file start_24.cif (mmCIF, C-alpha atoms)
data_protein
#
loop_
_atom_site.label_atom_id
_atom_site.label_comp_id
_atom_site.auth_asym_id
_atom_site.auth_seq_id
_atom_site.Cartn_x
_atom_site.Cartn_y
_atom_site.Cartn_z
CA MET U 1 0.00 0.00 0.00
CA SER U 2 1.30 3.47 -0.87
CA ASN U 3 2.09 5.73 2.07
CA ASN U 4 2.09 8.91 -0.02
CA ASP U 5 -1.52 9.79 0.71
CA PRO U 6 -1.50 13.56 1.43
CA HIS U 7 -4.19 13.01 4.06
CA GLY U 8 -2.66 9.89 5.58
CA PRO U 9 -1.27 9.94 9.14
CA SER U 10 2.08 8.45 8.04
CA ARG U 11 2.73 11.05 5.37
CA LYS U 12 6.13 12.70 5.84
CA ALA U 13 6.22 16.47 5.37
CA PHE U 14 8.87 18.01 3.12
CA GLY U 15 7.09 21.31 2.58
CA ALA U 16 3.65 22.85 2.87
CA GLN U 17 0.80 21.12 1.10
CA PRO U 18 -0.49 23.03 -1.95
CA MET U 19 -3.90 24.62 -1.74
CA GLN U 20 -6.75 22.87 -3.51
CA GLN U 21 -7.21 25.80 -5.89
CA THR U 22 -3.50 25.66 -6.76
CA GLN U 23 -3.89 22.02 -7.78
CA GLU U 24 -7.03 22.73 -9.78
CA ALA U 25 -5.35 25.67 -11.52
CA ALA U 26 -2.28 23.55 -12.39
CA GLY U 27 -4.39 21.00 -14.23
CA ALA U 28 -6.32 23.72 -16.06
CA ILE U 29 -3.12 25.55 -17.06
CA ARG U 30 -1.55 22.35 -18.37
CA ARG U 31 -4.66 21.49 -20.41
CA LEU U 32 -4.90 25.06 -21.69
CA ALA U 33 -1.25 24.96 -22.78
CA GLY U 34 -2.00 21.84 -24.79
CA LEU U 35 -4.95 23.53 -26.50
CA LEU U 36 -2.84 26.60 -27.34
CA LEU U 37 -0.11 24.45 -28.84
CA ALA U 38 -2.67 22.63 -30.98
CA LEU U 39 -4.14 25.84 -32.47
CA GLU U 40 -3.36 26.37 -36.14
CA HIS U 41 -4.69 29.93 -36.58
CA PRO U 42 -5.20 33.02 -34.37
CA HIS U 43 -8.30 32.89 -32.21
CA GLU U 44 -10.22 35.71 -30.54
CA THR U 45 -10.34 33.78 -27.27
CA VAL U 46 -6.54 33.93 -27.04
CA ALA U 47 -6.61 37.71 -27.46
CA ASP U 48 -9.13 37.96 -24.59
CA MET U 49 -7.05 35.55 -22.55
CA LEU U 50 -3.91 37.70 -22.91
CA THR U 51 -5.78 40.71 -21.53
CA GLN U 52 -7.06 38.68 -18.58
CA LEU U 53 -3.64 37.16 -17.94
CA ALA U 54 -2.03 40.59 -17.67
CA ARG U 55 -4.62 41.62 -15.08
CA TRP U 56 -4.28 38.36 -13.13
CA GLU U 57 -0.51 38.70 -13.11
CA ARG U 58 -0.72 42.18 -11.59
CA GLU U 59 -3.23 41.08 -8.94
CA LEU U 60 -1.32 37.95 -7.91
CA ALA U 61 1.99 39.83 -7.81
CA ALA U 62 0.41 42.33 -5.39
CA ALA U 63 -0.95 39.49 -3.21
CA GLY U 64 2.25 37.44 -3.22
CA PRO U 65 5.33 37.67 -0.97
CA ALA U 66 7.86 40.46 -1.34
CA ASP U 67 10.74 37.99 -1.00
CA LEU U 68 10.67 34.97 -3.33
CA THR U 69 13.31 33.14 -1.29
CA PRO U 70 11.73 29.90 0.02
CA ARG U 71 10.70 29.90 3.68
CA ILE U 72 12.96 27.26 5.25
CA GLY U 73 13.79 26.98 8.96
CA PRO U 74 12.26 28.56 12.05
CA ASP U 75 14.02 31.92 11.56
CA SER U 76 12.51 32.67 8.14
CA GLY U 77 9.75 35.24 8.28
CA GLU U 78 6.38 35.38 6.59
CA SER U 79 7.73 37.85 4.03
CA ARG U 80 9.35 34.91 2.21
CA ARG U 81 7.67 32.53 -0.23
CA ILE U 82 5.96 29.43 1.18
CA TYR U 83 7.86 26.27 0.20
CA LEU U 84 5.56 23.60 -1.23
CA ASP U 85 6.31 19.90 -0.88
CA HIS U 86 8.54 18.86 -3.81
CA ALA U 87 8.97 15.28 -2.57
CA PHE U 88 5.57 14.02 -3.72
CA ASP U 89 3.31 14.58 -6.74
CA ILE U 90 4.87 17.80 -8.05
CA GLY U 91 2.77 17.60 -11.20
CA ALA U 92 -0.40 17.79 -9.12
CA TYR U 93 0.24 21.48 -8.38
CA ASN U 94 2.97 22.58 -10.85
CA PRO U 95 1.88 22.47 -14.52
CA CYS U 96 5.53 22.40 -15.65
CA PHE U 97 5.83 18.81 -14.38
CA PRO U 98 4.01 15.71 -15.68
CA GLU U 99 1.35 14.12 -13.50
CA TYR U 100 1.88 10.50 -12.48
CA ARG U 101 0.18 8.00 -10.21
CA PHE U 102 1.67 5.35 -7.97
CA ASP U 103 -0.22 2.09 -7.66
CA ARG U 104 2.22 0.71 -5.10
CA ILE U 105 5.23 1.97 -3.12
CA ASP U 106 7.38 -0.37 -1.06
CA THR U 107 10.91 -0.02 0.30
CA GLU U 108 12.46 -2.06 -2.52
CA THR U 109 9.97 -1.70 -5.41
CA ALA U 110 7.28 0.62 -6.75
CA CYS U 111 5.08 0.95 -9.82
CA GLY U 112 2.51 3.27 -11.35
CA THR U 113 1.26 5.04 -14.46
CA VAL U 114 1.86 8.29 -16.33
CA ASN U 115 0.38 10.03 -19.38
CA PHE U 116 2.44 12.80 -21.02
CA LEU U 117 0.34 15.60 -22.52
CA ILE U 118 1.13 17.88 -25.47
CA PRO U 119 3.21 20.43 -23.47
CA PHE U 120 5.85 17.69 -23.03
CA GLU U 121 6.27 17.08 -26.77
CA GLY U 122 9.67 16.92 -28.46
CA PRO U 123 9.68 15.13 -31.83
CA PRO U 124 6.21 14.95 -33.46
CA GLY U 125 3.84 12.99 -31.24
CA LEU U 126 6.65 11.96 -28.88
CA VAL U 127 7.84 12.98 -25.41
CA HIS U 128 10.93 15.20 -25.17
CA GLY U 129 13.81 13.22 -23.67
CA GLY U 130 14.53 15.92 -21.08
CA PHE U 131 11.03 15.57 -19.62
CA LEU U 132 11.56 11.82 -19.36
CA ALA U 133 14.65 12.44 -17.23
CA VAL U 134 12.68 14.87 -15.05
CA PHE U 135 9.90 12.30 -14.70
CA PHE U 136 12.28 9.55 -13.56
CA ASP U 137 13.95 11.82 -11.01
CA CYS U 138 10.52 12.75 -9.63
CA VAL U 139 9.15 9.22 -9.20
CA ILE U 140 12.41 7.79 -7.85
CA GLN U 141 12.79 10.53 -5.26
CA HIS U 142 9.08 10.21 -4.46
CA GLN U 143 9.71 6.58 -3.49
CA ASN U 144 12.82 7.51 -1.52
CA CYS U 145 10.99 10.19 0.47
CA ALA U 146 7.97 7.96 1.05
CA THR U 147 9.96 5.02 2.40
CA GLY U 148 13.26 6.54 3.60
CA PRO U 149 16.13 7.12 3.59
CA ALA U 150 16.27 9.90 1.02
CA GLY U 151 18.66 12.56 -0.23
CA LYS U 152 19.85 14.65 -3.16
CA THR U 153 20.32 13.03 -6.57
CA ARG U 154 24.00 12.37 -7.27
CA SER U 155 23.68 11.05 -10.82
CA LEU U 156 21.01 10.11 -13.36
CA GLU U 157 21.85 7.93 -16.36
CA MET U 158 19.23 7.63 -19.10
CA THR U 159 18.88 4.90 -21.73
CA TYR U 160 16.45 5.67 -24.56
CA ARG U 161 15.35 2.48 -26.32
CA ARG U 162 12.22 3.42 -28.25
CA PRO U 163 10.30 6.66 -28.84
CA THR U 164 7.84 7.47 -26.05
CA PRO U 165 4.35 8.44 -27.31
CA LEU U 166 2.30 11.36 -26.06
CA LEU U 167 -1.30 11.03 -24.86
CA THR U 168 -0.85 7.38 -23.98
CA GLU U 169 -1.13 5.66 -20.62
CA LEU U 170 2.28 4.20 -19.79
CA ARG U 171 3.50 2.06 -16.92
CA PHE U 172 6.61 2.56 -14.84
CA ASP U 173 8.36 0.40 -12.27
CA ILE U 174 11.27 0.96 -9.90
CA GLU U 175 13.73 -1.34 -8.14
CA ARG U 176 15.66 0.17 -5.24
CA THR U 177 18.70 -0.84 -3.19
CA VAL U 178 19.74 1.09 -0.08
CA GLY U 179 23.36 1.10 1.04
CA GLU U 180 25.03 2.77 3.99
CA ARG U 181 25.47 6.09 2.18
CA THR U 182 23.90 5.64 -1.25
CA ILE U 183 20.54 4.70 -2.74
CA GLU U 184 20.65 3.03 -6.16
CA SER U 185 17.40 2.94 -8.16
CA THR U 186 16.61 1.49 -11.57
CA ALA U 187 13.36 2.59 -13.20
CA ARG U 188 11.67 1.65 -16.48
CA LEU U 189 8.92 3.21 -18.57
CA LEU U 190 6.83 0.73 -20.55
CA LEU U 191 4.11 0.64 -23.18
CA ASP U 192 2.37 -2.68 -22.57
CA ASP U 193 5.40 -4.98 -22.16
CA VAL U 194 7.81 -2.94 -24.29
CA VAL U 195 10.50 -0.95 -22.44
CA LEU U 196 10.67 2.55 -23.91
CA CYS U 197 13.41 3.99 -21.72
CA ALA U 198 15.12 3.42 -18.40
CA ALA U 199 17.03 5.39 -15.80
CA VAL U 200 19.61 4.52 -13.17
CA VAL U 201 19.71 7.04 -10.33
CA SER U 202 22.17 7.31 -7.47
CA ALA U 203 21.07 9.41 -4.49
CA VAL U 204 22.42 10.23 -1.05
CA ALA U 205 21.09 8.02 1.73
CA ALA U 206 20.17 10.32 4.61
CA ALA U 207 17.60 10.51 7.36
CA PRO U 208 14.44 12.31 6.15
CA SER U 209 14.74 14.74 9.07
CA SER U 210 18.06 16.02 7.68
CA LEU U 211 16.54 17.22 4.40
CA ALA U 212 15.98 20.95 3.98
CA GLY U 213 12.34 20.46 3.06
CA ALA U 214 11.69 18.85 6.44
CA ARG U 215 12.40 22.25 8.05
CA PHE U 216 10.01 24.27 5.91
CA GLY U 217 8.33 27.31 7.43
CA GLN U 218 4.69 27.03 8.32
CA ARG U 219 1.99 28.70 6.26
CA GLY U 220 1.46 32.30 7.36
CA HIS U 221 -1.74 33.90 8.61
CA GLU U 222 -4.37 34.68 6.00
CA PRO U 223 -4.94 38.43 5.56
CA ALA U 224 -8.10 39.76 7.12
#

call {"tool": "encode", "arguments": {"input": "start_24.cif", "output": "structure tokens"}}
result
Amino acid sequence: MSNNDPHGPSRKAFGAQPMQQTQEAAGAIRRLAGLLLALEHPHETVADMLTQLARWERELAAAGPADLTPRIGPDSGESRRIYLDHAFDIGAYNPCFPEYRFDRIDTETACGTVNFLIPFEGPPGLVHGGFLAVFFDCVIQHQNCATGPAGKTRSLEMTYRRPTPLLTELRFDIERTVGERTIESTARLLLDDVVLCAAVVSAVAAAPSSLAGARFGQRGHEPA
């Protein structure tokens, strides 16, 4: 059973949890980006959208923190930016990352699914290789943080075997070995039973409490 449930009692905290509206906006922004990239001719809706975006940018900038340095540690004040949890499900609240789903996370193995949308395109109809590397780093460190120990990525070696299609449900699996100081993980991305690409990641083995995200500042008071 996965222990990455954001509402579960065993969930480790490596940053503040994103607001529900942030998660909903991330999905909408990612879908909207795909629609924009698929447009072939100018559209009046895009012109209206640009006007609205300029207004929204001004309003959110005025409501946001003055200091965009992340709020880490007890001495950081509320003037700094809240640090959101980057250990788990980044794509759920950040549209620049792909969304994925774990079906199972154990200490030694894990597996799940992912579907890359149009914003992650490289060659026609295929996923950009850089996003595949980002994806592997995300899911491997997700498993590390969920099961412990965990630490910064030391190296990531990619092997591209076959083109990875967009808009297709794909499976991934991970095998993990923990040493005294190093975590070695091997992950694969598959279409049915065909391996599309694989990654070997070496990470530092450290206690979760030693990670910077474990010392994140608490969410500030909501303005009256």

call {"tool": "residues_around", "arguments": {"input": "start_24.cif", "residues": "Cys111 of chain U", "least_positions_apart": "3", "cutoff": "7 Å", "atoms": "all atoms listed in the file", "output": "PyMOL selection string"}}
result
chain U and resi 102-105+172-174

call {"tool": "closest_residue", "arguments": {"input": "start_24.cif", "among": "U:Gly151, U:Gly15, U:Pro208, U:Gly129", "to": "Ile72 of chain U", "atoms": "all atoms listed in the file"}}
result
U:Gly15

call {"tool": "closest_residue", "arguments": {"input": "start_24.cif", "among": "U:Val178, U:Ala13, U:Arg161, U:Ala28", "to": "Tyr93 of chain U", "atoms": "all atoms listed in the file"}}
result
U:Ala28

call {"tool": "resolve_selection", "arguments": {"input": "start_24.cif", "expression": "the PyMOL selection byres ((chain U and resi 136) around 9)", "output": "PDB file with C-alpha atoms, in the frame of the given file"}}
result
ATOM      1  CA  PHE U 131      11.030  15.570 -19.620  1.00  0.00           C
ATOM      2  CA  LEU U 132      11.560  11.820 -19.360  1.00  0.00           C
ATOM      3  CA  ALA U 133      14.650  12.440 -17.230  1.00  0.00           C
ATOM      4  CA  VAL U 134      12.680  14.870 -15.050  1.00  0.00           C
ATOM      5  CA  PHE U 135       9.900  12.300 -14.700  1.00  0.00           C
ATOM      6  CA  ASP U 137      13.950  11.820 -11.010  1.00  0.00           C
ATOM      7  CA  CYS U 138      10.520  12.750  -9.630  1.00  0.00           C
ATOM      8  CA  VAL U 139       9.150   9.220  -9.200  1.00  0.00           C
ATOM      9  CA  ILE U 140      12.410   7.790  -7.850  1.00  0.00           C
ATOM     10  CA  GLN U 141      12.790  10.530  -5.260  1.00  0.00           C
ATOM     11  CA  LEU U 156      21.010  10.110 -13.360  1.00  0.00           C
ATOM     12  CA  ALA U 187      13.360   2.590 -13.200  1.00  0.00           C
ATOM     13  CA  ARG U 188      11.670   1.650 -16.480  1.00  0.00           C
ATOM     14  CA  LEU U 189       8.920   3.210 -18.570  1.00  0.00           C
ATOM     15  CA  ALA U 198      15.120   3.420 -18.400  1.00  0.00           C
ATOM     16  CA  ALA U 199      17.030   5.390 -15.800  1.00  0.00           C
ATOM     17  CA  VAL U 200      19.610   4.520 -13.170  1.00  0.00           C
ATOM     18  CA  VAL U 201      19.710   7.040 -10.330  1.00  0.00           C
TER      19      VAL U 201
END

call {"tool": "resolve_selection", "arguments": {"input": "start_24.cif", "expression": "the PyMOL selection byres ((chain U and resi 216) around 6)", "output": "VMD selection string"}}
result
chain U and resid 15 72 to 73 213 to 215 217

call {"tool": "atom_distance", "arguments": {"input": "start_24.cif", "atom1": "atom CA of Asp106 of chain U", "atom2": "atom CA of Ser202 of chain U"}}
result
17.9 Å

call {"tool": "residues_around", "arguments": {"input": "start_24.cif", "residues": "Ile118 of chain U", "least_positions_apart": "3", "cutoff": "7 Å", "atoms": "all atoms listed in the file", "output": "PyMOL selection string"}}
result
chain U and resi 34+121+166

call {"tool": "atom_distance", "arguments": {"input": "start_24.cif", "atom1": "atom CA of Arg71 of chain U", "atom2": "atom CA of Gln218 of chain U"}}
result
8.1 Å

call {"tool": "residues_around", "arguments": {"input": "start_24.cif", "residues": "Asp67 of chain U", "least_positions_apart": "4", "cutoff": "7 Å", "atoms": "only C-alpha atoms", "output": "VMD selection string"}}
result
chain U and resid 79 to 81

call {"tool": "resolve_selection", "arguments": {"input": "start_24.cif", "expression": "the PyMOL selection byres ((chain U and resi 86) around 9)", "output": "ChimeraX atom specification"}}
result
/U:14-15,83-85,87-90,138,142,213

call {"tool": "atom_distance", "arguments": {"input": "start_24.cif", "atom1": "atom CA of Val114 of chain U", "atom2": "atom CA of Val204 of chain U"}}
result
25.7 Å

call {"tool": "closest_residue", "arguments": {"input": "start_24.cif", "among": "U:Gly130, U:Gly148, U:Gly27, U:Pro65", "to": "Gly179 of chain U", "atoms": "all atoms listed in the file"}}
result
U:Gly148

call {"tool": "closest_residue", "arguments": {"input": "start_24.cif", "among": "U:Ala150, U:Arg30, U:Asp192, U:Cys197", "to": "Phe116 of chain U", "atoms": "all atoms listed in the file"}}
result
U:Arg30

call {"tool": "closest_residue", "arguments": {"input": "start_24.cif", "among": "U:Leu36, U:Ala25, U:Leu190, U:Val195", "to": "Pro119 of chain U", "atoms": "all atoms listed in the file"}}
result
U:Leu36

call {"tool": "residues_around", "arguments": {"input": "start_24.cif", "residues": "Ala92 of chain U", "least_positions_apart": "2", "cutoff": "10 Å", "atoms": "all atoms listed in the file", "output": "list in words"}}
result
Pro18, Gln20, Thr22, Gln23, Glu24, Ala25, Ala26, Gly27, Phe88, Asp89, Ile90, Asn94, Pro95, Cys96, Phe97, Pro98, Glu99, Tyr100 and Arg101 of chain U

call {"tool": "closest_residue", "arguments": {"input": "start_24.cif", "among": "U:Glu57, U:Ser185, U:Leu32, U:Lys12", "to": "Leu211 of chain U", "atoms": "all atoms listed in the file"}}
result
U:Lys12
